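S.K.: What follows is structure_37.cif, made up of mmCIF, C-alpha atoms:
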```cif
data_coords
#
loop_
_atom_site.label_atom_id
_atom_site.label_comp_id
_atom_site.auth_asym_id
_atom_site.auth_seq_id
_atom_site.Cartn_x
_atom_site.Cartn_y
_atom_site.Cartn_z
CA MET G 182 65.39 141.55 73.08
CA PHE G 183 67.91 141.40 70.28
CA ALA G 184 71.24 139.64 69.73
CA ALA G 185 74.53 141.35 68.91
CA GLU G 186 75.30 138.59 66.37
CA ARG G 187 72.08 139.36 64.53
CA ILE G 188 72.95 143.04 64.26
CA LYS G 189 76.41 142.09 62.94
CA GLU G 190 74.86 139.73 60.35
CA MET G 191 72.24 142.17 59.13
CA VAL G 192 74.70 145.08 58.79
CA GLU G 193 77.45 143.03 57.13
CA ASP G 194 74.93 141.56 54.69
CA ALA G 195 73.61 144.98 53.72
CA LEU G 196 76.84 146.96 53.31
CA PRO G 197 79.70 146.25 50.86
CA ASP G 198 83.04 144.85 52.23
CA CYS G 199 81.81 145.54 55.71
CA THR G 200 83.19 144.71 59.16
CA CYS G 201 80.75 145.25 62.03
CA LEU G 202 81.75 144.82 65.67
CA VAL G 203 78.85 144.87 68.14
CA ILE G 204 78.85 144.83 71.93
CA ASN G 205 75.95 144.72 74.37
CA GLU G 206 77.81 146.12 77.37
CA MET G 207 74.76 146.23 79.60
CA ASN G 208 73.93 142.68 78.54
CA ASP G 209 70.27 143.65 78.31
CA GLY G 210 69.58 142.89 74.66
CA GLU G 211 68.53 146.53 74.15
CA HIS G 212 71.48 148.94 74.39
CA PHE G 213 74.21 148.21 71.85
CA GLN G 214 77.40 149.84 70.66
CA ALA G 215 78.78 149.09 67.20
CA GLU G 216 81.80 149.95 65.11
CA VAL G 217 81.00 149.63 61.43
CA VAL G 218 83.57 149.76 58.62
CA SER G 219 82.47 149.90 54.99
CA SER G 220 83.53 151.45 51.73
CA ALA G 221 79.88 152.57 51.38
CA PHE G 222 80.59 155.40 53.84
CA ALA G 223 83.11 157.11 51.58
CA GLY G 224 82.09 160.74 50.91
CA LEU G 225 79.02 160.62 53.17
CA ASN G 226 78.50 162.84 56.21
CA LEU G 227 77.90 161.23 59.61
CA VAL G 228 74.10 161.37 59.34
CA ARG G 229 74.11 159.58 55.97
CA GLN G 230 76.60 156.98 57.25
CA HIS G 231 74.51 156.17 60.31
CA GLN G 232 71.32 156.12 58.19
CA LEU G 233 72.86 153.36 56.05
CA VAL G 234 73.40 151.26 59.17
CA TYR G 235 69.90 151.98 60.47
CA LYS G 236 68.44 151.06 57.08
CA ALA G 237 70.25 147.72 57.22
CA LEU G 238 68.47 147.03 60.53
CA GLY G 239 65.03 147.91 59.22
CA PRO G 240 62.32 148.49 61.82
CA HIS G 241 64.36 147.14 64.74
CA VAL G 242 66.16 150.34 65.71
CA GLY G 243 64.14 152.42 68.13
CA THR G 244 61.91 149.42 68.83
CA ASP G 245 63.47 146.16 70.04
CA ILE G 246 66.91 147.77 69.71
CA HIS G 247 66.40 150.62 72.19
CA ALA G 248 69.74 152.24 71.46
CA LEU G 249 72.61 151.67 69.05
CA ALA G 250 75.64 153.89 69.63
CA LEU G 251 77.52 153.96 66.33
CA LYS G 252 81.07 154.62 65.22
CA THR G 253 81.41 154.46 61.43
CA TYR G 254 84.59 154.34 59.33
CA THR G 255 85.74 153.81 55.78
CA PRO G 256 88.31 150.96 55.54
CA GLU G 257 91.14 153.50 55.17
CA ALA G 258 90.01 155.52 58.21
CA TRP G 259 89.53 152.58 60.52
CA PRO G 260 92.11 153.01 63.33
CA HIS G 261 92.57 149.32 64.07
CA GLY G 262 92.32 148.01 60.56
CA ASP G 263 94.68 145.03 60.56
CA ARG G 264 94.34 144.39 56.87
CA MET C 207 47.65 170.53 59.78
CA SER C 208 49.41 167.18 59.27
CA VAL C 209 52.06 166.11 61.76
CA GLN C 210 54.73 166.53 59.07
CA ASP C 211 53.58 170.15 58.54
CA ARG C 212 53.55 170.72 62.30
CA ILE C 213 57.13 169.44 62.52
CA GLN C 214 58.23 171.50 59.53
CA LYS C 215 56.82 174.62 61.18
CA LEU C 216 58.58 173.87 64.47
CA VAL C 217 61.87 173.31 62.63
CA ASP C 218 61.45 176.50 60.58
CA ASP C 219 60.46 178.65 63.57
CA ASN C 220 63.30 177.64 65.89
CA ARG C 221 66.93 178.08 64.84
CA VAL C 222 68.12 175.48 67.36
CA LEU C 223 65.54 172.80 68.17
CA LEU C 224 66.00 169.55 70.07
CA PHE C 225 63.35 166.85 69.92
CA MET C 226 63.95 164.89 73.13
CA LYS C 227 62.40 162.63 75.73
CA GLY C 228 61.48 164.91 78.61
CA THR C 229 62.41 168.58 79.06
CA ARG C 230 65.73 170.41 79.35
CA ASN C 231 65.43 170.40 83.16
CA PHE C 232 63.95 166.89 83.40
CA PRO C 233 65.33 164.74 80.60
CA GLN C 234 63.81 161.25 80.72
CA CYS C 235 66.51 159.32 78.85
CA GLY C 236 70.30 159.26 79.04
CA PHE C 237 70.75 160.03 75.36
CA SER C 238 68.36 162.99 75.54
CA MET C 239 70.17 164.22 78.64
CA ARG C 240 73.54 164.09 76.89
CA ALA C 241 72.14 165.93 73.85
CA VAL C 242 70.54 168.69 75.93
CA ASN C 243 73.76 169.11 77.93
CA ILE C 244 75.73 169.49 74.71
CA VAL C 245 73.30 172.08 73.30
CA ASN C 246 73.39 173.92 76.65
CA THR C 247 77.15 174.37 76.44
CA LEU C 248 76.80 176.16 73.08
CA GLY C 249 75.35 179.13 74.98
CA VAL C 250 72.79 180.02 72.31
CA PRO C 251 69.00 180.14 72.70
CA PHE C 252 67.34 176.81 71.89
CA GLU C 253 63.94 175.19 72.12
CA THR C 254 63.04 171.60 73.03
CA VAL C 255 60.05 169.43 72.15
CA ASP C 256 59.13 166.66 74.60
CA VAL C 257 58.15 163.75 72.35
CA LEU C 258 56.87 161.85 75.37
CA SER C 259 54.03 164.35 75.70
CA ASP C 260 53.12 164.27 71.99
CA MET C 261 52.89 160.74 70.54
CA GLU C 262 52.06 162.03 67.08
CA ILE C 263 55.32 163.96 66.91
CA ARG C 264 57.22 161.07 68.51
CA GLN C 265 56.38 158.87 65.50
CA GLY C 266 56.23 161.66 62.91
CA ILE C 267 59.75 162.95 63.63
CA LYS C 268 61.27 159.58 62.73
CA GLU C 269 59.62 159.72 59.33
CA PHE C 270 60.46 163.43 58.90
CA SER C 271 64.20 162.84 59.19
CA SER C 272 64.23 159.13 58.31
CA TRP C 273 66.08 158.68 61.57
CA PRO C 274 64.67 156.02 63.92
CA THR C 275 65.63 157.33 67.36
CA ILE C 276 65.24 160.27 69.73
CA PRO C 277 66.88 162.75 70.46
CA GLN C 278 67.13 164.66 67.20
CA LEU C 279 68.86 168.04 66.88
CA TYR C 280 67.97 170.60 64.20
CA ILE C 281 69.96 173.77 63.51
CA ASP C 282 68.67 176.37 61.02
CA GLY C 283 66.18 173.84 59.67
CA GLN C 284 68.79 171.13 59.07
CA PHE C 285 68.76 167.73 60.77
CA ILE C 286 72.17 167.53 62.49
CA GLY C 287 71.99 164.13 64.16
CA GLY C 288 71.21 162.11 67.23
CA SER C 289 73.09 161.89 70.49
CA ASP C 290 76.25 160.24 69.07
CA ILE C 291 76.66 162.60 66.16
CA CYS C 292 76.03 165.66 68.36
CA TRP C 293 78.74 164.40 70.68
CA GLU C 294 81.17 163.80 67.83
CA LEU C 295 80.44 167.18 66.21
CA TYR C 296 80.77 168.87 69.60
CA GLN C 297 84.17 167.26 70.22
CA ASN C 298 85.58 168.25 66.83
CA GLY C 299 84.24 171.83 67.08
CA GLU C 300 81.83 171.42 64.15
CA LEU C 301 78.75 172.05 66.30
CA GLU C 302 80.07 175.41 67.49
CA LYS C 303 80.68 176.44 63.89
CA LEU C 304 77.04 175.67 63.05
CA VAL C 305 75.84 178.20 65.65
CA ALA C 306 78.70 180.69 65.30
CA ASP C 307 76.44 183.35 63.77
CA HIS C 308 73.65 182.82 66.32
CA PRO C 309 73.01 185.46 69.00
CA LYS C 310 74.37 184.44 72.43
CA ALA C 311 71.77 183.49 75.04
CA ASP C 312 71.69 186.15 77.81
CA ALA C 313 73.52 184.65 80.78
#
```
Could you rewrite the structure in this file as structure tokens?
M.R.:
Amino acid sequence: MFAAERIKEMVEDALPDCTCLVINEMNDGEHFQAEVVSSAFAGLNLVRQHQLVYKALGPHVGTDIHALALKTYTPEAWPHGDR
Amino acid sequence: MSVQDRIQKLVDDNRVLLFMKGTRNFPQCGFSMRAVNIVNTLGVPFETVDVLSDMEIRQGIKEFSSWPTIPQLYIDGQFIGGSDICWELYQNGELEKLVADHPKADA
């Protein structure tokens, strides 16, 4: 079991000026969806971007986090950036 | 032969290769099912490896690509992504471009 807040904390701590929104739609503590915004993604392809997020979560992804569906954006590309 | 060499050989020998849970006709996980459906629509020959029947590869593949989850798609020896990225690349037409020069699977 894992908590959405913990994913948010770990990702936002690891990536520069990062916003991470996490939902656990199935409410099972295992299948999560996250939108992650960070300037660290600039110039990286999708695989590299997602790898940064996975690295921030260490050994948890694929173990106690069964699935983490990701949408990654740079701050400029984020569609609902309210800044 | 180490598991990393075994994986390298599989990736080199198959132009389109999907490491998945289950088989193309009996996927055992929703994400693997979505990935195999996407690859199916490309209409090019592809191979699958059922990581549930080979624990060594199931762990080794995560190290090979430094990607922690299954499924994993490889095209021409390159790691393309997991289920999300395949879906995104499929939607924006990038995936088709990657197999544009591949022979079509006979119908």
S.K.: For segment 183-199 of chain G, please output as a list of chain:residue names all residues within 6 Å (counting all atoms listed in the file; exclusion window: fewer than 2 positions along the same chain).
M.R.: G:Cys201, G:Val203, G:Gly210, G:Val218, G:Ser219, G:Ala237
S.K.: If the PyMOL selection byres ((chain C) within 12 of (chain G)) is run on the structure shown, which residues does it catch, given as a PDB file with C-alpha atoms, in the frame of the given file?
M.R.:
```pdb
ATOM      1  CA  CYS C 235      66.510 159.320  78.850  1.00  0.00           C
ATOM      2  CA  GLY C 236      70.300 159.260  79.040  1.00  0.00           C
ATOM      3  CA  PHE C 237      70.750 160.030  75.360  1.00  0.00           C
ATOM      4  CA  SER C 238      68.360 162.990  75.540  1.00  0.00           C
ATOM      5  CA  ARG C 264      57.220 161.070  68.510  1.00  0.00           C
ATOM      6  CA  GLN C 265      56.380 158.870  65.500  1.00  0.00           C
ATOM      7  CA  LYS C 268      61.270 159.580  62.730  1.00  0.00           C
ATOM      8  CA  GLU C 269      59.620 159.720  59.330  1.00  0.00           C
ATOM      9  CA  SER C 271      64.200 162.840  59.190  1.00  0.00           C
ATOM     10  CA  SER C 272      64.230 159.130  58.310  1.00  0.00           C
ATOM     11  CA  TRP C 273      66.080 158.680  61.570  1.00  0.00           C
ATOM     12  CA  PRO C 274      64.670 156.020  63.920  1.00  0.00           C
ATOM     13  CA  THR C 275      65.630 157.330  67.360  1.00  0.00           C
ATOM     14  CA  ILE C 276      65.240 160.270  69.730  1.00  0.00           C
ATOM     15  CA  PRO C 277      66.880 162.750  70.460  1.00  0.00           C
ATOM     16  CA  GLN C 278      67.130 164.660  67.200  1.00  0.00           C
ATOM     17  CA  LEU C 279      68.860 168.040  66.880  1.00  0.00           C
ATOM     18  CA  GLN C 284      68.790 171.130  59.070  1.00  0.00           C
ATOM     19  CA  PHE C 285      68.760 167.730  60.770  1.00  0.00           C
ATOM     20  CA  ILE C 286      72.170 167.530  62.490  1.00  0.00           C
ATOM     21  CA  GLY C 287      71.990 164.130  64.160  1.00  0.00           C
ATOM     22  CA  GLY C 288      71.210 162.110  67.230  1.00  0.00           C
ATOM     23  CA  SER C 289      73.090 161.890  70.490  1.00  0.00           C
ATOM     24  CA  ASP C 290      76.250 160.240  69.070  1.00  0.00           C
ATOM     25  CA  ILE C 291      76.660 162.600  66.160  1.00  0.00           C
ATOM     26  CA  CYS C 292      76.030 165.660  68.360  1.00  0.00           C
ATOM     27  CA  TRP C 293      78.740 164.400  70.680  1.00  0.00           C
ATOM     28  CA  GLU C 294      81.170 163.800  67.830  1.00  0.00           C
ATOM     29  CA  LEU C 295      80.440 167.180  66.210  1.00  0.00           C
ATOM     30  CA  GLU C 300      81.830 171.420  64.150  1.00  0.00           C
TER      31      GLU C 300
END
```
S.K.: List the spatial neighbours of Thr229 of chain C as a list in words - criterion: any atom at most 10 Å away, all atoms listed in the file, same-chain residues fewer than 6 positions off excluded.
M.R.: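 Contacts, with the query itself left out: Ser238, Met239, Val242, Glu253, Thr254, Val255, Asp256, Val257, Leu258 and Ser259 of chain C.
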S.K.: State, in Å with one decimal place, the distance from atom CA of Met261 of chain C to atom CA of Lys227 of chain C.
M.R.: 11.0 Å
S.K.: Quick one: pull the distance between atom CA of Met207 of chain C and atom CA of Arg230 of chain C, Å, one decimal.
M.R.: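 Taking atom CA of Met207 of chain C and atom CA of Arg230 of chain C, their separation equals 26.6 Å.
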S.K.: Apply the PyMOL selection byres ((chain C and resi 221) around 6) to the structure shown and report the selected residues as a ChimeraX atom specification.
M.R.: /C:220,222,281-282
S.K.: Tell me which residues the PyMOL selection byres ((chain C and resi 312) around 12) grabs here, as a ChimeraX atom specification.
M.R.: /C:249-252,309-311,313
S.K.: Please reconstruct the missing atoms of segment 229-246 of chain C (target: N, CA, C and O atoms) and return them as a JSON list (two decimals), in the coordinates of the input.
M.R.:
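Wrote it out as rebuild-v9.json, contents follow:
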```json
[["chain", "number", "residue", "atom", "x", "y", "z"],
["C", 229, "THR", "N", 62.15, 167.15, 79.28],
["C", 229, "THR", "CA", 62.41, 168.58, 79.06],
["C", 229, "THR", "C", 63.86, 168.87, 79.42],
["C", 229, "THR", "O", 64.55, 168.01, 79.98],
["C", 230, "ARG", "N", 64.31, 170.12, 79.11],
["C", 230, "ARG", "CA", 65.73, 170.41, 79.35],
["C", 230, "ARG", "C", 66.08, 170.25, 80.83],
["C", 230, "ARG", "O", 67.20, 169.87, 81.16],
["C", 231, "ASN", "N", 65.11, 170.54, 81.73],
["C", 231, "ASN", "CA", 65.43, 170.40, 83.16],
["C", 231, "ASN", "C", 65.14, 169.00, 83.67],
["C", 231, "ASN", "O", 65.69, 168.59, 84.69],
["C", 232, "PHE", "N", 64.27, 168.26, 82.95],
["C", 232, "PHE", "CA", 63.95, 166.89, 83.40],
["C", 232, "PHE", "C", 64.01, 165.93, 82.22],
["C", 232, "PHE", "O", 62.98, 165.41, 81.78],
["C", 233, "PRO", "N", 65.24, 165.71, 81.68],
["C", 233, "PRO", "CA", 65.33, 164.74, 80.60],
["C", 233, "PRO", "C", 64.96, 163.35, 81.11],
["C", 233, "PRO", "O", 65.26, 163.02, 82.26],
["C", 234, "GLN", "N", 64.31, 162.55, 80.26],
["C", 234, "GLN", "CA", 63.81, 161.25, 80.72],
["C", 234, "GLN", "C", 64.60, 160.09, 80.13],
["C", 234, "GLN", "O", 64.17, 158.94, 80.21],
["C", 235, "CYS", "N", 65.72, 160.41, 79.46],
["C", 235, "CYS", "CA", 66.51, 159.32, 78.85],
["C", 235, "CYS", "C", 67.93, 159.81, 78.77],
["C", 235, "CYS", "O", 68.18, 160.99, 78.51],
["C", 236, "GLY", "N", 68.89, 158.89, 79.00],
["C", 236, "GLY", "CA", 70.30, 159.26, 79.04],
["C", 236, "GLY", "C", 70.79, 159.94, 77.77],
["C", 236, "GLY", "O", 71.57, 160.89, 77.81],
["C", 237, "PHE", "N", 70.28, 159.46, 76.63],
["C", 237, "PHE", "CA", 70.75, 160.03, 75.36],
["C", 237, "PHE", "C", 70.20, 161.44, 75.20],
["C", 237, "PHE", "O", 70.89, 162.35, 74.74],
["C", 238, "SER", "N", 68.93, 161.64, 75.61],
["C", 238, "SER", "CA", 68.36, 162.99, 75.54],
["C", 238, "SER", "C", 69.10, 163.93, 76.49],
["C", 238, "SER", "O", 69.34, 165.09, 76.18],
["C", 239, "MET", "N", 69.46, 163.39, 77.66],
["C", 239, "MET", "CA", 70.17, 164.22, 78.64],
["C", 239, "MET", "C", 71.51, 164.67, 78.07],
["C", 239, "MET", "O", 71.87, 165.85, 78.15],
["C", 240, "ARG", "N", 72.22, 163.72, 77.44],
["C", 240, "ARG", "CA", 73.54, 164.09, 76.89],
["C", 240, "ARG", "C", 73.36, 165.15, 75.81],
["C", 240, "ARG", "O", 74.08, 166.13, 75.74],
["C", 241, "ALA", "N", 72.36, 164.97, 74.95],
["C", 241, "ALA", "CA", 72.14, 165.93, 73.85],
["C", 241, "ALA", "C", 71.81, 167.31, 74.41],
["C", 241, "ALA", "O", 72.37, 168.31, 73.98],
["C", 242, "VAL", "N", 70.94, 167.38, 75.42],
["C", 242, "VAL", "CA", 70.54, 168.69, 75.93],
["C", 242, "VAL", "C", 71.72, 169.35, 76.66],
["C", 242, "VAL", "O", 71.92, 170.55, 76.56],
["C", 243, "ASN", "N", 72.56, 168.53, 77.29],
["C", 243, "ASN", "CA", 73.76, 169.11, 77.93],
["C", 243, "ASN", "C", 74.69, 169.71, 76.89],
["C", 243, "ASN", "O", 75.24, 170.80, 77.07],
["C", 244, "ILE", "N", 74.85, 169.00, 75.78],
["C", 244, "ILE", "CA", 75.73, 169.49, 74.71],
["C", 244, "ILE", "C", 75.19, 170.83, 74.17],
["C", 244, "ILE", "O", 75.91, 171.82, 74.06],
["C", 245, "VAL", "N", 73.88, 170.85, 73.88],
["C", 245, "VAL", "CA", 73.30, 172.08, 73.30],
["C", 245, "VAL", "C", 73.42, 173.23, 74.32],
["C", 245, "VAL", "O", 73.71, 174.37, 73.97],
["C", 246, "ASN", "N", 73.25, 172.92, 75.60],
["C", 246, "ASN", "CA", 73.39, 173.92, 76.65],
["C", 246, "ASN", "C", 74.75, 174.60, 76.61],
["C", 246, "ASN", "O", 74.87, 175.82, 76.75]]
```
